[in-house]
Amino acid sequence: MTVVTADDLKVTITDSGQEYLLGLLSKQDCDGIAIRMFVSSPGTAQAETCIAYCRPGEEKDGDVKIALTGFDAWFEGRSLPFLEDAKVDYSPDRMGGQLTIRAPNSKMPKISDDSPVEDRITYVLHNDINPGLASHGGNVSLVEVTADKFAILKFGGGCQGCSAVDLTLKEGVEKTLREKIPELAGVKDVTDHTDTSKAYY
């Protein structure tokens, strides 16, 4: 069993887990291919811990590199607090086996004023805004933050194509986000609202 450590990281990847991942990487026909581990929507109930292929050059600024048996693993810098005490294991069985990832801290709110603005926006969307939109069968997610500090958002479910979405965006979403994240210049909606098949209004 290997415990990989970096400044703020403690992840256990079992021997069987490493062997399984090495087998997957060896089939990719790419010299230097690694894995990359990250948490999407960290600190929220929707958090998912993911492992993806990482070809040379696909690692991001702030990622932490750890050498494992036969391959390298990259860990997303902004996910480090949420990957604390994570465990990756592979259990063979008659059906071929299963890779399991357990990250007990992935859903734990660890948002502070020093957290990346993307994480703070995602936290507010999932914890303050989406519970209200859910009553209409809707949701909103962050696509990106532009260089001029606009949050690019995408609506889904009952909010897509809804005639009240402009009001929701300006009076609800933007107001809440700018109150909690003052450095935001505003929000923009990139949703295709021509599809009204699931619209609430």
# chains A, B, ... in the order shown; residues from 1 in each chain; ligands from 1

call {"tool": "select_by_dssp", "arguments": {"residues": "stretch 16-175 of chain A", "states": "strand (DSSP E or B)", "output": "ChimeraX atom specification"}}
result
/A:34-40,48-54,64-67,72-75,86-91,98-102,138-145,150-157

call {"tool": "closest_atom_pairs", "arguments": {"of": "stretch 78-125 of chain A", "to": "stretch 55-64 of chain A", "cutoff": "12 Å", "atoms": "only C-alpha atoms", "output": "JSON lines"}}
result
{"residue": "A:Arg78", "atom": "CA", "partner": "A:Gly62", "partner_atom": "CA", "distance": 7.5}
{"residue": "A:Ser79", "atom": "CA", "partner": "A:Asp63", "partner_atom": "CA", "distance": 9.1}
{"residue": "A:Leu80", "atom": "CA", "partner": "A:Val64", "partner_atom": "CA", "distance": 8.7}
{"residue": "A:Leu83", "atom": "CA", "partner": "A:Val64", "partner_atom": "CA", "distance": 12.0}
{"residue": "A:Pro116", "atom": "CA", "partner": "A:Gly62", "partner_atom": "CA", "distance": 11.7}

call {"tool": "write_last_selection", "arguments": {"atoms": "C-alpha atoms", "output": "PDB file, in the first residue's frame"}}
result
ATOM      1  CA  ARG A  78      -7.569  23.331  -5.786  1.00  0.00           C
ATOM      2  CA  SER A  79      -8.860  19.855  -4.879  1.00  0.00           C
ATOM      3  CA  LEU A  80      -6.117  19.101  -2.346  1.00  0.00           C
ATOM      4  CA  LEU A  83      -8.757  14.833  -1.248  1.00  0.00           C
ATOM      5  CA  PRO A 116     -10.355  30.096  -5.562  1.00  0.00           C
TER       6      PRO A 116
END

call {"tool": "residues_around", "arguments": {"residues": "stretch 149-155 of chain A", "least_positions_apart": "6", "cutoff": "9 Å", "atoms": "only C-alpha atoms", "output": "MDAnalysis selection string"}}
result
chainID A and resid 118 121 138:143 161 165 183:193

call {"tool": "write_last_selection", "arguments": {"atoms": "N, CA and C atoms", "output": "PDB file, in the first residue's frame"}}
result
ATOM      1  N   GLU A 118     -13.689  30.331  -8.244  1.00  0.00           N
ATOM      2  CA  GLU A 118     -14.549  29.311  -8.849  1.00  0.00           C
ATOM      3  C   GLU A 118     -15.172  28.411  -7.786  1.00  0.00           C
ATOM      4  N   ILE A 121     -17.878  30.363  -5.874  1.00  0.00           N
ATOM      5  CA  ILE A 121     -19.101  30.504  -6.669  1.00  0.00           C
ATOM      6  C   ILE A 121     -19.874  29.192  -6.672  1.00  0.00           C
ATOM      7  N   GLY A 138     -35.359  23.250 -11.361  1.00  0.00           N
ATOM      8  CA  GLY A 138     -34.247  23.861 -12.073  1.00  0.00           C
ATOM      9  C   GLY A 138     -32.942  23.816 -11.311  1.00  0.00           C
ATOM     10  N   ASN A 139     -31.893  24.251 -11.977  1.00  0.00           N
ATOM     11  CA  ASN A 139     -30.572  24.345 -11.363  1.00  0.00           C
ATOM     12  C   ASN A 139     -29.705  25.267 -12.197  1.00  0.00           C
ATOM     13  N   VAL A 140     -28.618  25.713 -11.620  1.00  0.00           N
ATOM     14  CA  VAL A 140     -27.662  26.551 -12.343  1.00  0.00           C
ATOM     15  C   VAL A 140     -26.264  26.115 -11.950  1.00  0.00           C
ATOM     16  N   SER A 141     -25.340  26.142 -12.918  1.00  0.00           N
ATOM     17  CA  SER A 141     -23.969  25.729 -12.652  1.00  0.00           C
ATOM     18  C   SER A 141     -22.994  26.720 -13.276  1.00  0.00           C
ATOM     19  N   LEU A 142     -21.783  26.712 -12.776  1.00  0.00           N
ATOM     20  CA  LEU A 142     -20.739  27.603 -13.279  1.00  0.00           C
ATOM     21  C   LEU A 142     -20.041  26.980 -14.469  1.00  0.00           C
ATOM     22  N   VAL A 143     -19.904  27.744 -15.543  1.00  0.00           N
ATOM     23  CA  VAL A 143     -19.137  27.301 -16.708  1.00  0.00           C
ATOM     24  C   VAL A 143     -17.696  27.771 -16.585  1.00  0.00           C
ATOM     25  N   GLY A 161     -35.140  27.740 -20.735  1.00  0.00           N
ATOM     26  CA  GLY A 161     -36.278  28.154 -21.549  1.00  0.00           C
ATOM     27  C   GLY A 161     -37.392  28.804 -20.757  1.00  0.00           C
ATOM     28  N   VAL A 165     -36.547  33.504 -16.402  1.00  0.00           N
ATOM     29  CA  VAL A 165     -35.136  33.276 -16.100  1.00  0.00           C
ATOM     30  C   VAL A 165     -34.348  34.576 -15.964  1.00  0.00           C
ATOM     31  N   GLU A 183     -15.971  40.616  -5.252  1.00  0.00           N
ATOM     32  CA  GLU A 183     -15.083  40.917  -6.378  1.00  0.00           C
ATOM     33  C   GLU A 183     -15.676  40.555  -7.736  1.00  0.00           C
ATOM     34  N   LEU A 184     -16.800  39.852  -7.743  1.00  0.00           N
ATOM     35  CA  LEU A 184     -17.457  39.519  -9.007  1.00  0.00           C
ATOM     36  C   LEU A 184     -18.009  40.781  -9.667  1.00  0.00           C
ATOM     37  N   ALA A 185     -17.762  40.918 -10.976  1.00  0.00           N
ATOM     38  CA  ALA A 185     -18.297  42.067 -11.717  1.00  0.00           C
ATOM     39  C   ALA A 185     -19.756  41.844 -12.107  1.00  0.00           C
ATOM     40  N   GLY A 186     -20.173  40.597 -12.199  1.00  0.00           N
ATOM     41  CA  GLY A 186     -21.541  40.283 -12.587  1.00  0.00           C
ATOM     42  C   GLY A 186     -21.637  38.859 -13.090  1.00  0.00           C
ATOM     43  N   VAL A 187     -22.786  38.515 -13.640  1.00  0.00           N
ATOM     44  CA  VAL A 187     -23.001  37.173 -14.171  1.00  0.00           C
ATOM     45  C   VAL A 187     -23.535  37.263 -15.597  1.00  0.00           C
ATOM     46  N   LYS A 188     -23.275  36.221 -16.373  1.00  0.00           N
ATOM     47  CA  LYS A 188     -23.788  36.121 -17.740  1.00  0.00           C
ATOM     48  C   LYS A 188     -24.343  34.722 -17.942  1.00  0.00           C
ATOM     49  N   ASP A 189     -25.409  34.644 -18.709  1.00  0.00           N
ATOM     50  CA  ASP A 189     -26.105  33.376 -18.945  1.00  0.00           C
ATOM     51  C   ASP A 189     -25.804  32.899 -20.362  1.00  0.00           C
ATOM     52  N   VAL A 190     -25.286  31.678 -20.500  1.00  0.00           N
ATOM     53  CA  VAL A 190     -24.994  31.125 -21.828  1.00  0.00           C
ATOM     54  C   VAL A 190     -25.948  29.983 -22.180  1.00  0.00           C
ATOM     55  N   THR A 191     -27.035  29.857 -21.429  1.00  0.00           N
ATOM     56  CA  THR A 191     -27.993  28.779 -21.671  1.00  0.00           C
ATOM     57  C   THR A 191     -28.739  29.002 -22.975  1.00  0.00           C
ATOM     58  N   ASP A 192     -28.987  27.924 -23.701  1.00  0.00           N
ATOM     59  CA  ASP A 192     -29.843  27.986 -24.891  1.00  0.00           C
ATOM     60  C   ASP A 192     -31.297  27.915 -24.423  1.00  0.00           C
ATOM     61  N   HIS A 193     -31.946  29.077 -24.353  1.00  0.00           N
ATOM     62  CA  HIS A 193     -33.314  29.123 -23.835  1.00  0.00           C
ATOM     63  C   HIS A 193     -34.364  28.925 -24.931  1.00  0.00           C
TER      64      HIS A 193
END

call {"tool": "closest_atom_pairs", "arguments": {"of": "stretch 6-78 of chain A", "to": "stretch 122-134 of chain A", "cutoff": "8 Å", "atoms": "only C-alpha atoms", "output": "Markdown table"}}
result
| residue | atom | partner | partner_atom | distance |
| --- | --- | --- | --- | --- |
| A:Ser41 | CA | A:Thr122 | CA | 6.3 |
| A:Pro42 | CA | A:Tyr123 | CA | 7.7 |
| A:Gly43 | CA | A:Tyr123 | CA | 6.7 |
| A:Thr44 | CA | A:Tyr123 | CA | 6.2 |
| A:Ala45 | CA | A:His126 | CA | 7.8 |
| A:Gln46 | CA | A:His126 | CA | 7.8 |

call {"tool": "atom_distance", "arguments": {"atom1": "atom CA of A:Phe38", "atom2": "atom CA of A:Glu76"}}
result
5.2 Å
